[in-house]
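Structure file work.tsv (TSV, N, CA and C atoms) follows.
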```tsv
chain	number	residue	atom	x	y	z
O	1	MET	N	1.41	6.22	13.00
O	1	MET	CA	0.73	5.17	12.28
O	1	MET	C	1.71	4.54	11.31
O	2	ASN	N	1.59	3.26	11.11
O	2	ASN	CA	2.42	2.52	10.17
O	2	ASN	C	1.57	1.96	9.06
O	3	TYR	N	2.24	1.66	7.96
O	3	TYR	CA	1.55	1.13	6.79
O	3	TYR	C	2.30	-0.08	6.26
O	4	LYS	N	1.56	-1.00	5.67
O	4	LYS	CA	2.13	-2.15	4.98
O	4	LYS	C	1.77	-1.97	3.52
O	5	VAL	N	2.77	-2.07	2.64
O	5	VAL	CA	2.59	-1.81	1.22
O	5	VAL	C	3.01	-3.04	0.43
O	6	PHE	N	2.06	-3.67	-0.25
O	6	PHE	CA	2.35	-4.80	-1.13
O	6	PHE	C	2.54	-4.26	-2.53
O	7	ILE	N	3.70	-4.54	-3.13
O	7	ILE	CA	4.02	-4.03	-4.46
O	7	ILE	C	4.58	-5.14	-5.35
O	8	SER	N	4.61	-4.85	-6.65
O	8	SER	CA	5.39	-5.65	-7.58
O	8	SER	C	6.41	-4.72	-8.22
O	9	SER	N	7.51	-5.26	-8.68
O	9	SER	CA	8.62	-4.42	-9.16
O	9	SER	C	8.32	-3.69	-10.47
O	10	ASP	N	7.38	-4.18	-11.25
O	10	ASP	CA	7.11	-3.56	-12.55
O	10	ASP	C	5.82	-2.75	-12.58
O	11	CYS	N	5.40	-2.26	-11.43
O	11	CYS	CA	4.12	-1.56	-11.29
O	11	CYS	C	4.35	-0.05	-11.11
O	12	HIS	N	3.79	0.75	-12.02
O	12	HIS	CA	3.96	2.21	-11.96
O	12	HIS	C	3.39	2.79	-10.66
O	13	TYR	N	2.16	2.42	-10.30
O	13	TYR	CA	1.55	2.98	-9.09
O	13	TYR	C	2.26	2.52	-7.82
O	14	CYS	N	2.90	1.36	-7.88
O	14	CYS	CA	3.69	0.89	-6.73
O	14	CYS	C	4.86	1.83	-6.50
O	15	LYS	N	5.53	2.20	-7.56
O	15	LYS	CA	6.65	3.14	-7.46
O	15	LYS	C	6.18	4.49	-6.96
O	16	GLU	N	5.01	4.93	-7.42
O	16	GLU	CA	4.47	6.22	-7.01
O	16	GLU	C	4.12	6.24	-5.52
O	17	VAL	N	3.51	5.16	-5.03
O	17	VAL	CA	3.14	5.14	-3.61
O	17	VAL	C	4.38	5.09	-2.72
O	18	LEU	N	5.41	4.35	-3.15
O	18	LEU	CA	6.65	4.32	-2.37
O	18	LEU	C	7.31	5.69	-2.35
O	19	LYS	N	7.31	6.36	-3.48
O	19	LYS	CA	7.86	7.72	-3.55
O	19	LYS	C	7.09	8.66	-2.62
O	20	LEU	N	5.77	8.54	-2.62
O	20	LEU	CA	4.92	9.36	-1.74
O	20	LEU	C	5.29	9.12	-0.27
O	21	PHE	N	5.43	7.87	0.12
O	21	PHE	CA	5.76	7.55	1.51
O	21	PHE	C	7.15	8.04	1.88
O	22	ILE	N	8.13	7.80	1.02
O	22	ILE	CA	9.52	8.18	1.31
O	22	ILE	C	9.67	9.70	1.37
O	23	GLN	N	9.11	10.41	0.39
O	23	GLN	CA	9.24	11.87	0.35
O	23	GLN	C	8.59	12.55	1.55
O	24	ASN	N	7.57	11.90	2.12
O	24	ASN	CA	6.87	12.50	3.25
O	24	ASN	C	7.24	11.88	4.59
O	25	GLY	N	8.26	11.02	4.60
O	25	GLY	CA	8.74	10.42	5.84
O	25	GLY	C	7.71	9.54	6.53
O	26	ILE	N	6.89	8.87	5.75
O	26	ILE	CA	5.83	8.02	6.30
O	26	ILE	C	6.37	6.61	6.52
O	27	ARG	N	6.24	6.14	7.76
O	27	ARG	CA	6.74	4.81	8.10
O	27	ARG	C	5.92	3.75	7.39
O	28	HIS	N	6.64	2.80	6.79
O	28	HIS	CA	5.96	1.75	6.06
O	28	HIS	C	6.82	0.49	5.97
O	29	GLN	N	6.17	-0.61	5.76
O	29	GLN	CA	6.84	-1.87	5.50
O	29	GLN	C	6.51	-2.25	4.06
O	30	MET	N	7.52	-2.41	3.25
O	30	MET	CA	7.33	-2.75	1.85
O	30	MET	C	7.49	-4.26	1.66
O	31	ILE	N	6.53	-4.86	0.99
O	31	ILE	CA	6.58	-6.29	0.69
O	31	ILE	C	6.51	-6.42	-0.82
O	32	VAL	N	7.60	-6.92	-1.41
O	32	VAL	CA	7.67	-7.07	-2.86
O	32	VAL	C	7.15	-8.46	-3.22
O	33	LEU	N	6.14	-8.47	-4.06
O	33	LEU	CA	5.56	-9.72	-4.54
O	33	LEU	C	6.30	-10.11	-5.81
O	34	GLU	N	6.93	-11.28	-5.78
O	34	GLU	CA	7.84	-11.69	-6.85
O	34	GLU	C	7.16	-12.41	-8.01
O	35	SER	N	6.02	-13.03	-7.78
O	35	SER	CA	5.41	-13.85	-8.82
O	35	SER	C	3.93	-13.52	-8.98
O	36	GLU	N	3.40	-13.93	-10.11
O	36	GLU	CA	1.96	-13.74	-10.36
O	36	GLU	C	1.13	-14.49	-9.32
O	37	GLU	N	1.64	-15.62	-8.85
O	37	GLU	CA	0.93	-16.40	-7.83
O	37	GLU	C	0.86	-15.64	-6.52
O	38	GLN	N	1.95	-14.99	-6.13
O	38	GLN	CA	1.96	-14.19	-4.90
O	38	GLN	C	1.01	-13.00	-5.03
O	39	ILE	N	1.03	-12.35	-6.19
O	39	ILE	CA	0.14	-11.21	-6.42
O	39	ILE	C	-1.31	-11.66	-6.33
O	40	ALA	N	-1.64	-12.76	-6.98
O	40	ALA	CA	-3.02	-13.27	-6.96
O	40	ALA	C	-3.45	-13.63	-5.54
O	41	ALA	N	-2.54	-14.22	-4.76
O	41	ALA	CA	-2.87	-14.62	-3.39
O	41	ALA	C	-3.18	-13.40	-2.51
O	42	ILE	N	-2.37	-12.34	-2.65
O	42	ILE	CA	-2.60	-11.12	-1.85
O	42	ILE	C	-3.88	-10.42	-2.28
O	43	LYS	N	-4.11	-10.34	-3.59
O	43	LYS	CA	-5.36	-9.74	-4.08
O	43	LYS	C	-6.56	-10.50	-3.53
O	44	ASN	N	-6.46	-11.81	-3.53
O	44	ASN	CA	-7.55	-12.64	-3.02
O	44	ASN	C	-7.72	-12.46	-1.51
O	45	LYS	N	-6.63	-12.45	-0.78
O	45	LYS	CA	-6.68	-12.32	0.69
O	45	LYS	C	-7.39	-11.04	1.12
O	46	TYR	N	-7.08	-9.93	0.42
O	46	TYR	CA	-7.65	-8.64	0.81
O	46	TYR	C	-8.84	-8.23	-0.06
O	47	ASN	N	-9.24	-9.12	-0.96
O	47	ASN	CA	-10.38	-8.87	-1.84
O	47	ASN	C	-10.21	-7.52	-2.56
O	48	TRP	N	-9.03	-7.33	-3.16
O	48	TRP	CA	-8.70	-6.10	-3.87
O	48	TRP	C	-8.16	-6.48	-5.24
O	49	SER	N	-8.52	-5.75	-6.27
O	49	SER	CA	-8.22	-6.20	-7.63
O	49	SER	C	-6.94	-5.65	-8.24
O	50	THR	N	-6.29	-4.71	-7.58
O	50	THR	CA	-5.09	-4.10	-8.16
O	50	THR	C	-3.93	-4.11	-7.17
O	51	ILE	N	-2.76	-3.85	-7.71
O	51	ILE	CA	-1.54	-3.66	-6.93
O	51	ILE	C	-1.13	-2.22	-7.17
O	52	PRO	N	-0.67	-1.47	-6.22
O	52	PRO	CA	-0.33	-1.85	-4.85
O	52	PRO	C	-1.56	-2.03	-3.97
O	53	ILE	N	-1.33	-2.73	-2.88
O	53	ILE	CA	-2.33	-2.85	-1.82
O	53	ILE	C	-1.71	-2.26	-0.57
O	54	ILE	N	-2.38	-1.27	0.00
O	54	ILE	CA	-1.85	-0.58	1.17
O	54	ILE	C	-2.77	-0.81	2.36
O	55	LEU	N	-2.14	-1.19	3.48
O	55	LEU	CA	-2.86	-1.43	4.73
O	55	LEU	C	-2.38	-0.44	5.77
O	56	GLU	N	-3.30	0.01	6.60
O	56	GLU	CA	-2.96	0.84	7.76
O	56	GLU	C	-2.81	-0.11	8.93
O	57	ILE	N	-1.71	0.01	9.66
O	57	ILE	CA	-1.44	-0.86	10.80
O	57	ILE	C	-1.56	-0.02	12.07
O	58	ASN	N	-2.44	-0.46	12.98
O	58	ASN	CA	-2.58	0.24	14.26
O	58	ASN	C	-2.73	-0.79	15.37
O	59	LYS	N	-3.01	-0.33	16.57
O	59	LYS	CA	-3.09	-1.24	17.72
O	59	LYS	C	-4.19	-2.28	17.60
O	60	ASP	N	-5.19	-2.00	16.77
O	60	ASP	CA	-6.30	-2.94	16.58
O	60	ASP	C	-6.05	-3.94	15.46
O	61	GLY	N	-4.95	-3.77	14.72
O	61	GLY	CA	-4.64	-4.69	13.62
O	61	GLY	C	-4.49	-3.97	12.30
O	62	GLU	N	-4.83	-4.67	11.22
O	62	GLU	CA	-4.69	-4.14	9.88
O	62	GLU	C	-6.04	-3.65	9.34
O	63	LYS	N	-5.96	-2.56	8.57
O	63	LYS	CA	-7.16	-2.04	7.90
O	63	LYS	C	-6.79	-1.73	6.46
O	64	LEU	N	-7.53	-2.29	5.51
O	64	LEU	CA	-7.27	-2.04	4.10
O	64	LEU	C	-7.59	-0.60	3.76
O	65	ILE	N	-6.62	0.09	3.17
O	65	ILE	CA	-6.86	1.43	2.62
O	65	ILE	C	-7.27	1.29	1.16
O	66	GLY	N	-6.53	0.50	0.42
O	66	GLY	CA	-6.80	0.30	-1.00
O	66	GLY	C	-5.54	0.43	-1.81
O	67	GLY	N	-5.63	1.12	-2.94
O	67	GLY	CA	-4.50	1.32	-3.84
O	67	GLY	C	-3.91	2.70	-3.69
O	68	TYR	N	-3.16	3.12	-4.71
O	68	TYR	CA	-2.46	4.40	-4.67
O	68	TYR	C	-3.42	5.58	-4.48
O	69	GLU	N	-4.43	5.66	-5.32
O	69	GLU	CA	-5.34	6.81	-5.26
O	69	GLU	C	-6.08	6.88	-3.93
O	70	ASP	N	-6.48	5.73	-3.40
O	70	ASP	CA	-7.16	5.69	-2.10
O	70	ASP	C	-6.22	6.18	-0.99
O	71	THR	N	-4.97	5.75	-1.07
O	71	THR	CA	-3.97	6.13	-0.07
O	71	THR	C	-3.67	7.62	-0.14
O	72	TYR	N	-3.48	8.13	-1.35
O	72	TYR	CA	-3.21	9.55	-1.54
O	72	TYR	C	-4.34	10.39	-0.95
O	73	LYS	N	-5.56	10.02	-1.28
O	73	LYS	CA	-6.74	10.75	-0.78
O	73	LYS	C	-6.80	10.73	0.75
O	74	LEU	N	-6.58	9.56	1.35
O	74	LEU	CA	-6.63	9.43	2.81
O	74	LEU	C	-5.54	10.27	3.48
O	75	LEU	N	-4.33	10.20	2.96
O	75	LEU	CA	-3.22	10.96	3.54
O	75	LEU	C	-3.47	12.47	3.42
O	76	LYS	N	-4.08	12.91	2.32
O	76	LYS	CA	-4.45	14.32	2.18
O	76	LYS	C	-5.52	14.71	3.20
O	77	GLU	N	-6.55	13.87	3.33
O	77	GLU	CA	-7.64	14.15	4.27
O	77	GLU	C	-7.12	14.23	5.70
O	78	GLN	N	-6.17	13.37	6.03
O	78	GLN	CA	-5.59	13.35	7.39
O	78	GLN	C	-4.48	14.37	7.57
O	79	LYS	N	-4.22	15.14	6.50
O	79	LYS	CA	-3.18	16.19	6.51
O	79	LYS	C	-1.80	15.64	6.85
O	80	ILE	N	-1.56	14.43	6.39
O	80	ILE	CA	-0.25	13.81	6.53
O	80	ILE	C	0.66	14.28	5.40
O	81	ILE	N	0.04	14.54	4.24
O	81	ILE	CA	0.80	15.09	3.12
O	81	ILE	C	0.17	16.41	2.71
```

Let's see the structure in the file written out as structure tokens.
Amino acid sequence: MNYKVFISSDCHYCKEVLKLFIQNGIRHQMIVLESEEQIAAIKNKYNWSTIPIILEINKDGEKLIGGYEDTYKLLKEQKII
């Protein structure tokens, strides 16, 4: 399974989710949002109020997981971490 991770450079939870993915060898695509406008557009697109925004990518397309805590919980439940 692959993941798409939308982050901003000054976000604590963004750094934590990237560390979680890297330390556990989880394949992911990182997209750094450079401006407040980009952040607002992604939040609006996925109807999510915080950054990071993590999506699960599979053969059927994209599925919103949520933020750091949602991702951590899902990966634990799936015994990926």

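The two atoms in question, CA of Ile7 (chain O) and atom N of Ile39 (chain O), are spaced 9.0 Å apart.
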
Enumerate as a count of residues only all residues of region 2-73 of chain O assigned to alpha helix (DSSP H) by DSSP on the backbone, naming them with the chain letters and numbers the document uses. 29

Which one is closest to Ile26 (chain O): O:Leu55, O:Met1, O:Leu74, O:Ile65? Count all atoms listed in the file. O:Met1

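CA of Tyr46 (chain O) is found 15.8 Å from CA of Val32 (chain O).
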
I need the residue nearest Leu33 (chain O) from this list: O:Ile80, O:Leu64, O:Leu75, O:Ile51. Use only C-alpha atoms for the distance. O:Ile51

Hey, can you check how far atom C of Thr71 (chain O) sits from atom C of Tyr3 (chain O)? 11.7 Å

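Using all atoms listed in the file, the protein and nucleic acid residues lying no more than 5 Å from Asn2 (chain O), apart from those fewer than 5 places from it along its own chain, are Arg27, Glu56 and Ile57 of chain O.
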
Would you kindly return, as a PyMOL selection string, each protein, DNA or RNA residue with an atom no farther than 6.5 Å from any atom of Val5 (chain O), considering only N, CA and C atoms and excluding same-chain residues fewer than 5 positions away? chain O and resi 28-32+52-55
